[in-house]
Amino acid sequence: MLMKEESTLHHTAIRILKIAQELFLAHSYADVTMDQIAAAASVTKGGLYHHFAGKETLYLMMMQADLLEKHQLFNKAVVMEGSCRQRLETLARLFLALPAQQRRLAGLIRRDINTLSDEARQELIHCYQSALPDQVRSIIQHGIRAGELRPIDARLASFCFVSLVEHCVSHHGERILPTTAQKIAFVLDLFFAGAADKAQIAVDQETP
């Protein structure tokens, strides 16, 4: 379940979460300590524990806050009018327009998931799926019903689409596709048309 809006959190807790983001992005989950977070946030350790019961609780709330923002942002593509391709393009554009730090946060889930307790792991997976793959799946299901896509497993296709977009902002992706327009064109063309050379297929079909 996604956490409550930031507006309902104490301003000190919000500041701590933002500072914790920087630490968790720079270091592994295991290497970040509550002492380091307290020092970076200029609060006492007792003050830190007043807001967060422990590191895992803080980490989970940090990720939930980010995923709630992403859920609300990406939902704009889900509810908009337009074709499946247009809505997926909008979602990809919204993701690519995020600051680099916010784009990188989603990657922490894969990096840190096995270091968390079972309960925290399941909660984080649920929040991530709700924020991104489930919304992509909704768009894909609409595309299937509308005849824009052939009948495929929408859940699997949603993870494939998300992976394509995320890999476009990897170090290699940024080198090969430096502009947002190039990234979006690559993702949509590969997702909707595949990687085959259509011209060559046509030649092969015409060759006796």
# chains A, B, ... in the order shown; residues from 1 in each chain; ligands from 1
call {"tool": "select_by_dssp", "arguments": {"residues": "region 75-196 of chain A", "states": "helix (DSSP H, G or I)", "output": "PyMOL selection string"}}
result
chain A and resi 75-79+84-96+100-115+118-131+133-145+154-167+171-176+180-193
call {"tool": "residues_around", "arguments": {"residues": "Glu81 (chain A)", "least_positions_apart": "6", "cutoff": "12 Å", "atoms": "only C-alpha atoms", "output": "PyMOL selection string"}}
result
chain A and resi 87-88+90+139+142
call {"tool": "write_last_selection", "arguments": {"atoms": "N, CA and C atoms", "output": "PDB file, in the first residue's frame"}}
result
ATOM      1  N   ARG A  87      -0.186   6.830 -25.525  1.00  0.00           N
ATOM      2  CA  ARG A  87      -0.170   6.821 -24.063  1.00  0.00           C
ATOM      3  C   ARG A  87       1.149   6.263 -23.521  1.00  0.00           C
ATOM      4  N   LEU A  88       1.687   5.238 -24.180  1.00  0.00           N
ATOM      5  CA  LEU A  88       2.992   4.721 -23.762  1.00  0.00           C
ATOM      6  C   LEU A  88       4.093   5.746 -24.044  1.00  0.00           C
ATOM      7  N   THR A  90       3.679   8.979 -23.904  1.00  0.00           N
ATOM      8  CA  THR A  90       3.532   9.974 -22.851  1.00  0.00           C
ATOM      9  C   THR A  90       4.160   9.479 -21.555  1.00  0.00           C
ATOM     10  N   ILE A 139      -2.393   0.206 -19.841  1.00  0.00           N
ATOM     11  CA  ILE A 139      -2.368   0.797 -21.183  1.00  0.00           C
ATOM     12  C   ILE A 139      -2.274  -0.293 -22.249  1.00  0.00           C
ATOM     13  N   HIS A 142      -5.531  -2.085 -22.735  1.00  0.00           N
ATOM     14  CA  HIS A 142      -6.423  -1.258 -23.555  1.00  0.00           C
ATOM     15  C   HIS A 142      -6.049  -1.393 -25.026  1.00  0.00           C
TER      16      HIS A 142
END
call {"tool": "residues_around", "arguments": {"residues": "region 65-75 of chain A", "least_positions_apart": "5", "cutoff": "7 Å", "atoms": "only C-alpha atoms", "output": "CSV table (one decimal) with C-alpha atoms, in the first residue's frame"}}
result
chain,number,residue,atom,x,y,z
A,2,LEU,CA,1.4,3.4,-1.0
A,3,MET,CA,2.3,5.7,1.9
A,91,LEU,CA,4.5,7.7,-20.0
A,94,LEU,CA,7.2,11.6,-18.2
A,127,CYS,CA,4.5,-0.2,-4.4
A,128,TYR,CA,6.8,-0.5,-7.4
A,130,SER,CA,1.6,-0.2,-8.6
A,131,ALA,CA,3.6,2.8,-9.6
A,132,LEU,CA,5.0,1.6,-12.9
A,135,GLN,CA,0.0,1.2,-15.1
call {"tool": "residues_around", "arguments": {"residues": "region 156-162 of chain A", "least_positions_apart": "6", "cutoff": "9 Å", "atoms": "only C-alpha atoms", "output": "PyMOL selection string"}}
result
chain A and resi 88+92+132-140+187-188+191
call {"tool": "closest_residue", "arguments": {"among": "A:Ala40, A:Ala30, A:Leu116, A:Cys84", "to": "Ile16 (chain A)", "atoms": "only C-alpha atoms"}}
result
A:Ala40
call {"tool": "residues_around", "arguments": {"residues": "Leu25 (chain A)", "least_positions_apart": "6", "cutoff": "12 Å", "atoms": "only C-alpha atoms", "output": "list in words"}}
result
Lys18, Ile19, Asp31, Val32, Tyr59, Met62, Met63, Ala100, Gln101, Gln102, Arg103, Arg104, Leu105, Ala106, Gly107, Leu108, Ile109, Arg111 and Asp112 of chain A
call {"tool": "residues_around", "arguments": {"residues": "Thr12 (chain A)", "least_positions_apart": "3", "cutoff": "12 Å", "atoms": "only C-alpha atoms", "output": "PDB file with N, CA and C atoms, in the first residue's frame"}}
result
ATOM      1  N   GLU A   6       3.150  13.398   1.243  1.00  0.00           N
ATOM      2  CA  GLU A   6       4.204  14.082   1.974  1.00  0.00           C
ATOM      3  C   GLU A   6       3.644  15.201   2.843  1.00  0.00           C
ATOM      4  N   SER A   7       2.538  15.832   2.404  1.00  0.00           N
ATOM      5  CA  SER A   7       1.981  16.959   3.138  1.00  0.00           C
ATOM      6  C   SER A   7       1.546  16.571   4.541  1.00  0.00           C
ATOM      7  N   THR A   8       1.313  15.275   4.785  1.00  0.00           N
ATOM      8  CA  THR A   8       0.885  14.822   6.098  1.00  0.00           C
ATOM      9  C   THR A   8       2.067  14.416   6.971  1.00  0.00           C
ATOM     10  N   LEU A   9       3.280  14.456   6.424  1.00  0.00           N
ATOM     11  CA  LEU A   9       4.471  14.118   7.198  1.00  0.00           C
ATOM     12  C   LEU A   9       5.062  15.375   7.820  1.00  0.00           C
ATOM     13  N   ARG A  15      12.599  16.242   5.219  1.00  0.00           N
ATOM     14  CA  ARG A  15      13.990  16.636   4.963  1.00  0.00           C
ATOM     15  C   ARG A  15      14.927  15.449   5.159  1.00  0.00           C
ATOM     16  N   ILE A  16      14.695  14.664   6.188  1.00  0.00           N
ATOM     17  CA  ILE A  16      15.528  13.481   6.438  1.00  0.00           C
ATOM     18  C   ILE A  16      15.425  12.497   5.276  1.00  0.00           C
ATOM     19  N   LEU A  17      14.212  12.286   4.774  1.00  0.00           N
ATOM     20  CA  LEU A  17      14.020  11.353   3.662  1.00  0.00           C
ATOM     21  C   LEU A  17      14.774  11.807   2.425  1.00  0.00           C
ATOM     22  N   LYS A  18      14.755  13.103   2.157  1.00  0.00           N
ATOM     23  CA  LYS A  18      15.454  13.614   0.969  1.00  0.00           C
ATOM     24  C   LYS A  18      16.967  13.466   1.107  1.00  0.00           C
ATOM     25  N   ILE A  19      17.474  13.708   2.311  1.00  0.00           N
ATOM     26  CA  ILE A  19      18.909  13.536   2.547  1.00  0.00           C
ATOM     27  C   ILE A  19      19.286  12.063   2.490  1.00  0.00           C
ATOM     28  N   ALA A  38      21.711  10.674  10.449  1.00  0.00           N
ATOM     29  CA  ALA A  38      21.498  11.705  11.463  1.00  0.00           C
ATOM     30  C   ALA A  38      22.492  12.853  11.282  1.00  0.00           C
ATOM     31  N   ALA A  41      21.718  14.889   8.157  1.00  0.00           N
ATOM     32  CA  ALA A  41      20.475  15.653   8.296  1.00  0.00           C
ATOM     33  C   ALA A  41      20.550  16.661   9.440  1.00  0.00           C
ATOM     34  N   SER A  42      21.680  16.681  10.160  1.00  0.00           N
ATOM     35  CA  SER A  42      21.874  17.595  11.291  1.00  0.00           C
ATOM     36  C   SER A  42      20.799  17.437  12.359  1.00  0.00           C
ATOM     37  N   VAL A  43      20.497  16.180  12.673  1.00  0.00           N
ATOM     38  CA  VAL A  43      19.567  15.881  13.766  1.00  0.00           C
ATOM     39  C   VAL A  43      20.265  14.907  14.705  1.00  0.00           C
ATOM     40  N   THR A  44      19.806  14.867  15.941  1.00  0.00           N
ATOM     41  CA  THR A  44      20.361  13.899  16.882  1.00  0.00           C
ATOM     42  C   THR A  44      19.870  12.508  16.509  1.00  0.00           C
ATOM     43  N   GLY A  47      16.483  12.152  17.741  1.00  0.00           N
ATOM     44  CA  GLY A  47      15.516  12.834  16.884  1.00  0.00           C
ATOM     45  C   GLY A  47      15.200  12.023  15.648  1.00  0.00           C
ATOM     46  N   LEU A  48      16.216  11.354  15.121  1.00  0.00           N
ATOM     47  CA  LEU A  48      16.009  10.517  13.942  1.00  0.00           C
ATOM     48  C   LEU A  48      15.079   9.353  14.272  1.00  0.00           C
ATOM     49  N   TYR A  49      15.328   8.711  15.412  1.00  0.00           N
ATOM     50  CA  TYR A  49      14.488   7.573  15.808  1.00  0.00           C
ATOM     51  C   TYR A  49      13.086   8.010  16.236  1.00  0.00           C
ATOM     52  N   HIS A  50      12.936   9.290  16.529  1.00  0.00           N
ATOM     53  CA  HIS A  50      11.593   9.803  16.829  1.00  0.00           C
ATOM     54  C   HIS A  50      10.708   9.716  15.593  1.00  0.00           C
ATOM     55  N   HIS A  51      11.293   9.912  14.438  1.00  0.00           N
ATOM     56  CA  HIS A  51      10.536   9.889  13.183  1.00  0.00           C
ATOM     57  C   HIS A  51      10.540   8.518  12.517  1.00  0.00           C
ATOM     58  N   PHE A  52      11.608   7.749  12.724  1.00  0.00           N
ATOM     59  CA  PHE A  52      11.744   6.464  12.036  1.00  0.00           C
ATOM     60  C   PHE A  52      12.214   5.398  13.025  1.00  0.00           C
TER      61      PHE A  52
END
call {"tool": "atom_distance", "arguments": {"atom1": "CA of Pro151 (chain A)", "atom2": "CA of Gly194 (chain A)"}}
result
15.6 Å
call {"tool": "closest_residue", "arguments": {"among": "A:Ser28, A:Gln141, A:Thr180, A:Ser163", "to": "Thr115 (chain A)", "atoms": "only C-alpha atoms"}}
result
A:Ser28
call {"tool": "atom_distance", "arguments": {"atom1": "CA of Lys183 (chain A)", "atom2": "CA of Ala196 (chain A)"}}
result
18.3 Å
